[in-house]
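File shown: data_19.txt. Contents: compact mmCIF, N, CA and C atoms.
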# COMPACT_ATOMS: atom_id res chain seq x y z
N MET A 1 56.50 43.76 186.91
CA MET A 1 56.21 43.88 185.50
C MET A 1 56.29 45.35 185.10
N SER A 2 56.91 45.63 183.99
CA SER A 2 57.08 47.02 183.55
C SER A 2 55.81 47.53 182.89
N LYS A 3 55.64 48.83 182.94
CA LYS A 3 54.49 49.44 182.29
C LYS A 3 54.70 49.43 180.78
N SER A 4 53.63 49.20 180.07
CA SER A 4 53.74 49.22 178.62
C SER A 4 53.52 50.65 178.11
N ARG A 5 54.16 50.93 177.01
CA ARG A 5 54.02 52.25 176.41
C ARG A 5 52.66 52.35 175.72
N PRO A 6 52.14 53.57 175.63
CA PRO A 6 50.86 53.72 174.91
C PRO A 6 51.03 53.39 173.43
N GLN A 7 50.01 52.78 172.87
CA GLN A 7 50.07 52.38 171.48
C GLN A 7 49.91 53.59 170.57
N LYS A 8 50.72 53.64 169.51
CA LYS A 8 50.65 54.74 168.56
C LYS A 8 49.76 54.36 167.39
N GLN A 9 49.11 55.36 166.82
CA GLN A 9 48.39 55.15 165.58
C GLN A 9 49.39 55.31 164.44
N THR A 10 49.18 54.56 163.37
CA THR A 10 50.10 54.61 162.25
C THR A 10 49.40 55.21 161.04
N LEU A 11 50.09 56.11 160.39
CA LEU A 11 49.60 56.73 159.16
C LEU A 11 50.54 56.33 158.04
N LEU A 12 50.00 55.70 156.99
CA LEU A 12 50.80 55.27 155.86
C LEU A 12 50.62 56.27 154.72
N LEU A 13 51.72 56.88 154.30
CA LEU A 13 51.72 57.80 153.16
C LEU A 13 52.55 57.17 152.05
N VAL A 14 51.98 57.11 150.85
CA VAL A 14 52.66 56.49 149.72
C VAL A 14 52.83 57.54 148.63
N GLY A 15 54.07 57.70 148.18
CA GLY A 15 54.37 58.61 147.08
C GLY A 15 54.62 57.82 145.81
N GLU A 16 54.36 58.46 144.67
CA GLU A 16 54.54 57.77 143.40
C GLU A 16 56.02 57.60 143.07
N GLY A 17 56.84 58.57 143.43
CA GLY A 17 58.26 58.48 143.10
C GLY A 17 59.10 59.08 144.20
N TYR A 18 60.38 59.24 143.91
CA TYR A 18 61.32 59.75 144.91
C TYR A 18 61.04 61.21 145.29
N ASP A 19 60.58 62.01 144.32
CA ASP A 19 60.27 63.41 144.62
C ASP A 19 59.11 63.54 145.60
N GLU A 20 58.07 62.74 145.39
CA GLU A 20 56.93 62.78 146.30
C GLU A 20 57.33 62.29 147.70
N VAL A 21 58.17 61.27 147.75
CA VAL A 21 58.64 60.76 149.05
C VAL A 21 59.44 61.83 149.78
N ALA A 22 60.28 62.56 149.05
CA ALA A 22 61.05 63.64 149.67
C ALA A 22 60.12 64.72 150.20
N PHE A 23 59.08 65.06 149.44
CA PHE A 23 58.12 66.07 149.89
C PHE A 23 57.35 65.60 151.11
N LEU A 24 56.91 64.34 151.11
CA LEU A 24 56.19 63.80 152.27
C LEU A 24 57.08 63.74 153.51
N THR A 25 58.35 63.44 153.31
CA THR A 25 59.29 63.43 154.43
C THR A 25 59.46 64.82 155.01
N TYR A 26 59.51 65.81 154.13
CA TYR A 26 59.59 67.20 154.59
C TYR A 26 58.34 67.58 155.39
N LEU A 27 57.16 67.24 154.87
CA LEU A 27 55.93 67.55 155.59
C LEU A 27 55.88 66.86 156.95
N LYS A 28 56.34 65.61 156.98
CA LYS A 28 56.38 64.87 158.24
C LYS A 28 57.26 65.57 159.26
N SER A 29 58.42 66.03 158.83
CA SER A 29 59.35 66.69 159.75
C SER A 29 58.80 68.03 160.26
N GLU A 30 58.00 68.69 159.43
CA GLU A 30 57.45 69.99 159.83
C GLU A 30 56.18 69.88 160.66
N LEU A 31 55.36 68.87 160.42
CA LEU A 31 54.02 68.84 161.01
C LEU A 31 53.83 67.84 162.14
N VAL A 32 54.62 66.78 162.18
CA VAL A 32 54.41 65.74 163.18
C VAL A 32 55.56 65.75 164.17
N ASN A 33 55.23 66.02 165.43
CA ASN A 33 56.27 65.97 166.46
C ASN A 33 56.23 64.62 167.18
N ARG A 34 57.21 64.38 168.02
CA ARG A 34 57.32 63.07 168.69
C ARG A 34 56.21 62.82 169.70
N ASP A 35 55.65 63.87 170.25
CA ASP A 35 54.62 63.71 171.28
C ASP A 35 53.22 63.56 170.70
N ALA A 36 53.10 63.48 169.39
CA ALA A 36 51.78 63.44 168.76
C ALA A 36 51.08 62.10 168.94
N GLY A 37 51.82 61.05 169.28
CA GLY A 37 51.21 59.72 169.40
C GLY A 37 50.87 59.14 168.04
N LEU A 38 51.58 59.59 167.02
CA LEU A 38 51.31 59.17 165.65
C LEU A 38 52.61 58.75 164.98
N GLU A 39 52.60 57.57 164.40
CA GLU A 39 53.76 57.11 163.64
C GLU A 39 53.43 57.25 162.17
N VAL A 40 54.28 57.95 161.43
CA VAL A 40 54.05 58.17 160.01
C VAL A 40 55.06 57.35 159.23
N LYS A 41 54.54 56.45 158.38
CA LYS A 41 55.40 55.64 157.52
C LYS A 41 55.25 56.16 156.10
N ILE A 42 56.38 56.39 155.46
CA ILE A 42 56.38 56.89 154.10
C ILE A 42 57.00 55.83 153.20
N LYS A 43 56.28 55.45 152.17
CA LYS A 43 56.74 54.40 151.25
C LYS A 43 56.73 54.93 149.82
N ASN A 44 57.54 54.30 148.98
CA ASN A 44 57.67 54.69 147.59
C ASN A 44 57.09 53.57 146.72
N ALA A 45 56.09 53.91 145.89
CA ALA A 45 55.48 52.92 144.99
C ALA A 45 56.27 52.77 143.70
N LYS A 46 57.25 53.60 143.47
CA LYS A 46 58.17 53.53 142.33
C LYS A 46 57.48 53.66 140.97
N GLY A 47 56.65 54.71 140.87
CA GLY A 47 56.11 55.12 139.58
C GLY A 47 54.96 54.29 139.04
N LYS A 48 54.77 54.39 137.72
CA LYS A 48 53.76 53.68 136.93
C LYS A 48 52.36 54.25 137.05
N GLY A 49 52.19 55.44 137.60
CA GLY A 49 50.89 56.09 137.59
C GLY A 49 50.09 55.92 138.87
N ALA A 50 48.97 56.64 138.90
CA ALA A 50 48.14 56.69 140.10
C ALA A 50 47.49 55.34 140.41
N LYS A 51 47.06 54.62 139.37
CA LYS A 51 46.43 53.32 139.59
C LYS A 51 47.40 52.36 140.27
N HIS A 52 48.65 52.37 139.82
CA HIS A 52 49.66 51.50 140.42
C HIS A 52 49.91 51.87 141.89
N VAL A 53 49.92 53.17 142.19
CA VAL A 53 50.14 53.61 143.57
C VAL A 53 49.03 53.08 144.48
N ILE A 54 47.78 53.17 144.02
CA ILE A 54 46.65 52.68 144.82
C ILE A 54 46.73 51.17 145.00
N GLU A 55 47.00 50.43 143.92
CA GLU A 55 47.13 48.98 144.02
C GLU A 55 48.29 48.58 144.93
N TRP A 56 49.43 49.27 144.81
CA TRP A 56 50.60 48.98 145.64
C TRP A 56 50.28 49.22 147.12
N THR A 57 49.56 50.31 147.39
CA THR A 57 49.19 50.63 148.78
C THR A 57 48.29 49.56 149.37
N ILE A 58 47.32 49.11 148.60
CA ILE A 58 46.41 48.07 149.09
C ILE A 58 47.18 46.78 149.36
N LEU A 59 48.04 46.38 148.43
CA LEU A 59 48.83 45.15 148.63
C LEU A 59 49.77 45.27 149.82
N TYR A 60 50.39 46.44 149.99
CA TYR A 60 51.29 46.65 151.13
C TYR A 60 50.51 46.56 152.43
N TRP A 61 49.33 47.19 152.48
CA TRP A 61 48.54 47.18 153.71
C TRP A 61 48.11 45.76 154.05
N PHE A 62 47.67 44.99 153.05
CA PHE A 62 47.27 43.61 153.31
C PHE A 62 48.44 42.76 153.77
N SER A 63 49.63 42.96 153.19
CA SER A 63 50.78 42.16 153.60
C SER A 63 51.18 42.47 155.04
N VAL A 64 51.15 43.75 155.42
CA VAL A 64 51.48 44.12 156.80
C VAL A 64 50.44 43.58 157.76
N THR A 65 49.17 43.72 157.41
CA THR A 65 48.10 43.23 158.27
C THR A 65 48.17 41.71 158.41
N TRP A 66 48.41 41.00 157.30
CA TRP A 66 48.49 39.55 157.36
C TRP A 66 49.67 39.09 158.22
N THR A 67 50.80 39.77 158.10
CA THR A 67 51.96 39.42 158.91
C THR A 67 51.66 39.61 160.38
N TRP A 68 51.00 40.71 160.73
CA TRP A 68 50.66 40.98 162.12
C TRP A 68 49.66 39.96 162.64
N LEU A 69 48.64 39.64 161.84
CA LEU A 69 47.63 38.67 162.28
C LEU A 69 48.22 37.28 162.46
N SER A 70 49.08 36.86 161.54
CA SER A 70 49.68 35.53 161.67
C SER A 70 50.59 35.46 162.89
N TYR A 71 51.30 36.54 163.19
CA TYR A 71 52.14 36.58 164.39
C TYR A 71 51.27 36.45 165.64
N LYS A 72 50.18 37.22 165.69
CA LYS A 72 49.28 37.16 166.86
C LYS A 72 48.65 35.78 166.99
N LEU A 73 48.26 35.18 165.87
CA LEU A 73 47.63 33.87 165.91
C LEU A 73 48.61 32.81 166.42
N LYS A 74 49.84 32.83 165.91
CA LYS A 74 50.85 31.88 166.39
C LYS A 74 51.11 32.06 167.87
N ARG A 75 51.19 33.30 168.29
CA ARG A 75 51.47 33.59 169.69
C ARG A 75 50.31 33.14 170.58
N SER A 76 49.08 33.40 170.14
CA SER A 76 47.93 33.00 170.96
C SER A 76 47.79 31.49 171.01
N ARG A 77 48.09 30.80 169.90
CA ARG A 77 48.01 29.34 169.91
C ARG A 77 49.04 28.74 170.85
N SER A 78 50.25 29.27 170.84
CA SER A 78 51.28 28.71 171.72
C SER A 78 50.94 28.99 173.19
N ASN A 79 50.39 30.16 173.48
CA ASN A 79 49.97 30.46 174.84
C ASN A 79 48.80 29.57 175.25
N TYR A 80 47.89 29.29 174.33
CA TYR A 80 46.74 28.45 174.63
C TYR A 80 47.20 27.04 174.98
N VAL A 81 48.11 26.51 174.20
CA VAL A 81 48.61 25.15 174.46
C VAL A 81 49.35 25.12 175.78
N LYS A 82 50.13 26.15 176.09
CA LYS A 82 50.86 26.17 177.35
C LYS A 82 49.91 26.25 178.55
N GLU A 83 48.83 27.04 178.40
CA GLU A 83 47.90 27.20 179.51
C GLU A 83 47.07 25.94 179.74
N LYS A 84 46.60 25.29 178.67
CA LYS A 84 45.72 24.13 178.80
C LYS A 84 46.50 22.86 179.09
N GLN A 85 47.72 22.78 178.64
CA GLN A 85 48.55 21.60 178.79
C GLN A 85 47.77 20.34 178.41
N VAL A 86 47.46 20.31 177.14
CA VAL A 86 46.68 19.22 176.59
C VAL A 86 47.52 17.94 176.57
N MET A 87 46.90 16.85 176.99
CA MET A 87 47.60 15.59 177.01
C MET A 87 46.92 14.62 176.05
N VAL A 88 47.68 14.07 175.14
CA VAL A 88 47.12 13.17 174.14
C VAL A 88 47.46 11.74 174.53
N VAL A 89 46.45 10.90 174.61
CA VAL A 89 46.64 9.50 174.98
C VAL A 89 46.24 8.66 173.78
N ARG A 90 47.16 7.77 173.35
CA ARG A 90 46.86 6.88 172.24
C ARG A 90 46.71 5.46 172.76
N ARG A 91 45.79 4.75 172.13
CA ARG A 91 45.57 3.36 172.54
C ARG A 91 46.15 2.41 171.56
Representation of the structure as structure tokens:
Amino acid sequence: MSKSRPQKQTLLLVGEGYDEVAFLTYLKSELVNRDAGLEVKIKNAKGKGAKHVIEWTILYWFSVTWTWLSYKLKRSRSNYVKEKQVMVVRR
């Protein structure tokens, strides 16, 4: 069995528009190196003000978290069924 890589922490940065995303990308290239153990994701909320950026970030975070949780749940259920090998008998 191969060794697994160490898990990275993820930092989500959201800019209001394309200019902010370009600036955040520049900061990422200057401040975060590959050995930092940190993954930086930069997303664009596409304007509409600060309130929209906060709401967009919350919705994005929940969608990513929900996708990850549903994947883990499906995977754990399939492993559970394989391990237990449940047999259903009908009369």
Could you tell me how far CA of Leu12 (chain A) sits from atom N of Leu38 (chain A), in Å to one decimal place?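 Computing the Euclidean distance for atom N of Leu38 (chain A) and CA of Leu12 (chain A) yields 12.0 Å.
Residue nearest Val21 (chain A) within the list A:Lys8, A:Lys72, A:Lys43, A:His52: A:Lys43 [criterion: smallest interatomic distance, only N, CA and C atoms].
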Measure the distance from CA of Glu16 (chain A) to CA of Ala45 (chain A) in Å and round it to one decimal.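 Pair CA of Glu16 (chain A) / CA of Ala45 (chain A) returns 5.2 Å.
Coordinates place atom C of Glu20 (chain A) at a distance of 7.6 Å from CA of Asn44 (chain A).
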Using only C-alpha atoms, give me every residue within 9 Å of (53.4, 56.4, 170.5) in file coordinates, as a PDB file with N, CA and C atoms, keeping the file's coordinate frame.
ATOM      1  N   ARG A   5      54.160  50.930 177.010  1.00  0.00           N
ATOM      2  CA  ARG A   5      54.020  52.250 176.410  1.00  0.00           C
ATOM      3  C   ARG A   5      52.660  52.350 175.720  1.00  0.00           C
ATOM      4  N   PRO A   6      52.140  53.570 175.630  1.00  0.00           N
ATOM      5  CA  PRO A   6      50.860  53.720 174.910  1.00  0.00           C
ATOM      6  C   PRO A   6      51.030  53.390 173.430  1.00  0.00           C
ATOM      7  N   GLN A   7      50.010  52.780 172.870  1.00  0.00           N
ATOM      8  CA  GLN A   7      50.070  52.380 171.480  1.00  0.00           C
ATOM      9  C   GLN A   7      49.910  53.590 170.570  1.00  0.00           C
ATOM     10  N   LYS A   8      50.720  53.640 169.510  1.00  0.00           N
ATOM     11  CA  LYS A   8      50.650  54.740 168.560  1.00  0.00           C
ATOM     12  C   LYS A   8      49.760  54.360 167.390  1.00  0.00           C
ATOM     13  N   GLN A   9      49.110  55.360 166.820  1.00  0.00           N
ATOM     14  CA  GLN A   9      48.390  55.150 165.580  1.00  0.00           C
ATOM     15  C   GLN A   9      49.390  55.310 164.440  1.00  0.00           C
ATOM     16  N   ARG A  34      57.210  64.380 168.020  1.00  0.00           N
ATOM     17  CA  ARG A  34      57.320  63.070 168.690  1.00  0.00           C
ATOM     18  C   ARG A  34      56.210  62.820 169.700  1.00  0.00           C
ATOM     19  N   ASP A  35      55.650  63.870 170.250  1.00  0.00           N
ATOM     20  CA  ASP A  35      54.620  63.710 171.280  1.00  0.00           C
ATOM     21  C   ASP A  35      53.220  63.560 170.700  1.00  0.00           C
ATOM     22  N   ALA A  36      53.100  63.480 169.390  1.00  0.00           N
ATOM     23  CA  ALA A  36      51.780  63.440 168.760  1.00  0.00           C
ATOM     24  C   ALA A  36      51.080  62.100 168.940  1.00  0.00           C
ATOM     25  N   GLY A  37      51.820  61.050 169.280  1.00  0.00           N
ATOM     26  CA  GLY A  37      51.210  59.720 169.400  1.00  0.00           C
ATOM     27  C   GLY A  37      50.870  59.140 168.040  1.00  0.00           C
ATOM     28  N   LEU A  38      51.580  59.590 167.020  1.00  0.00           N
ATOM     29  CA  LEU A  38      51.310  59.170 165.650  1.00  0.00           C
ATOM     30  C   LEU A  38      52.610  58.750 164.980  1.00  0.00           C
ATOM     31  N   GLU A  39      52.600  57.570 164.400  1.00  0.00           N
ATOM     32  CA  GLU A  39      53.760  57.110 163.640  1.00  0.00           C
ATOM     33  C   GLU A  39      53.430  57.250 162.170  1.00  0.00           C
TER      34      GLU A  39
END
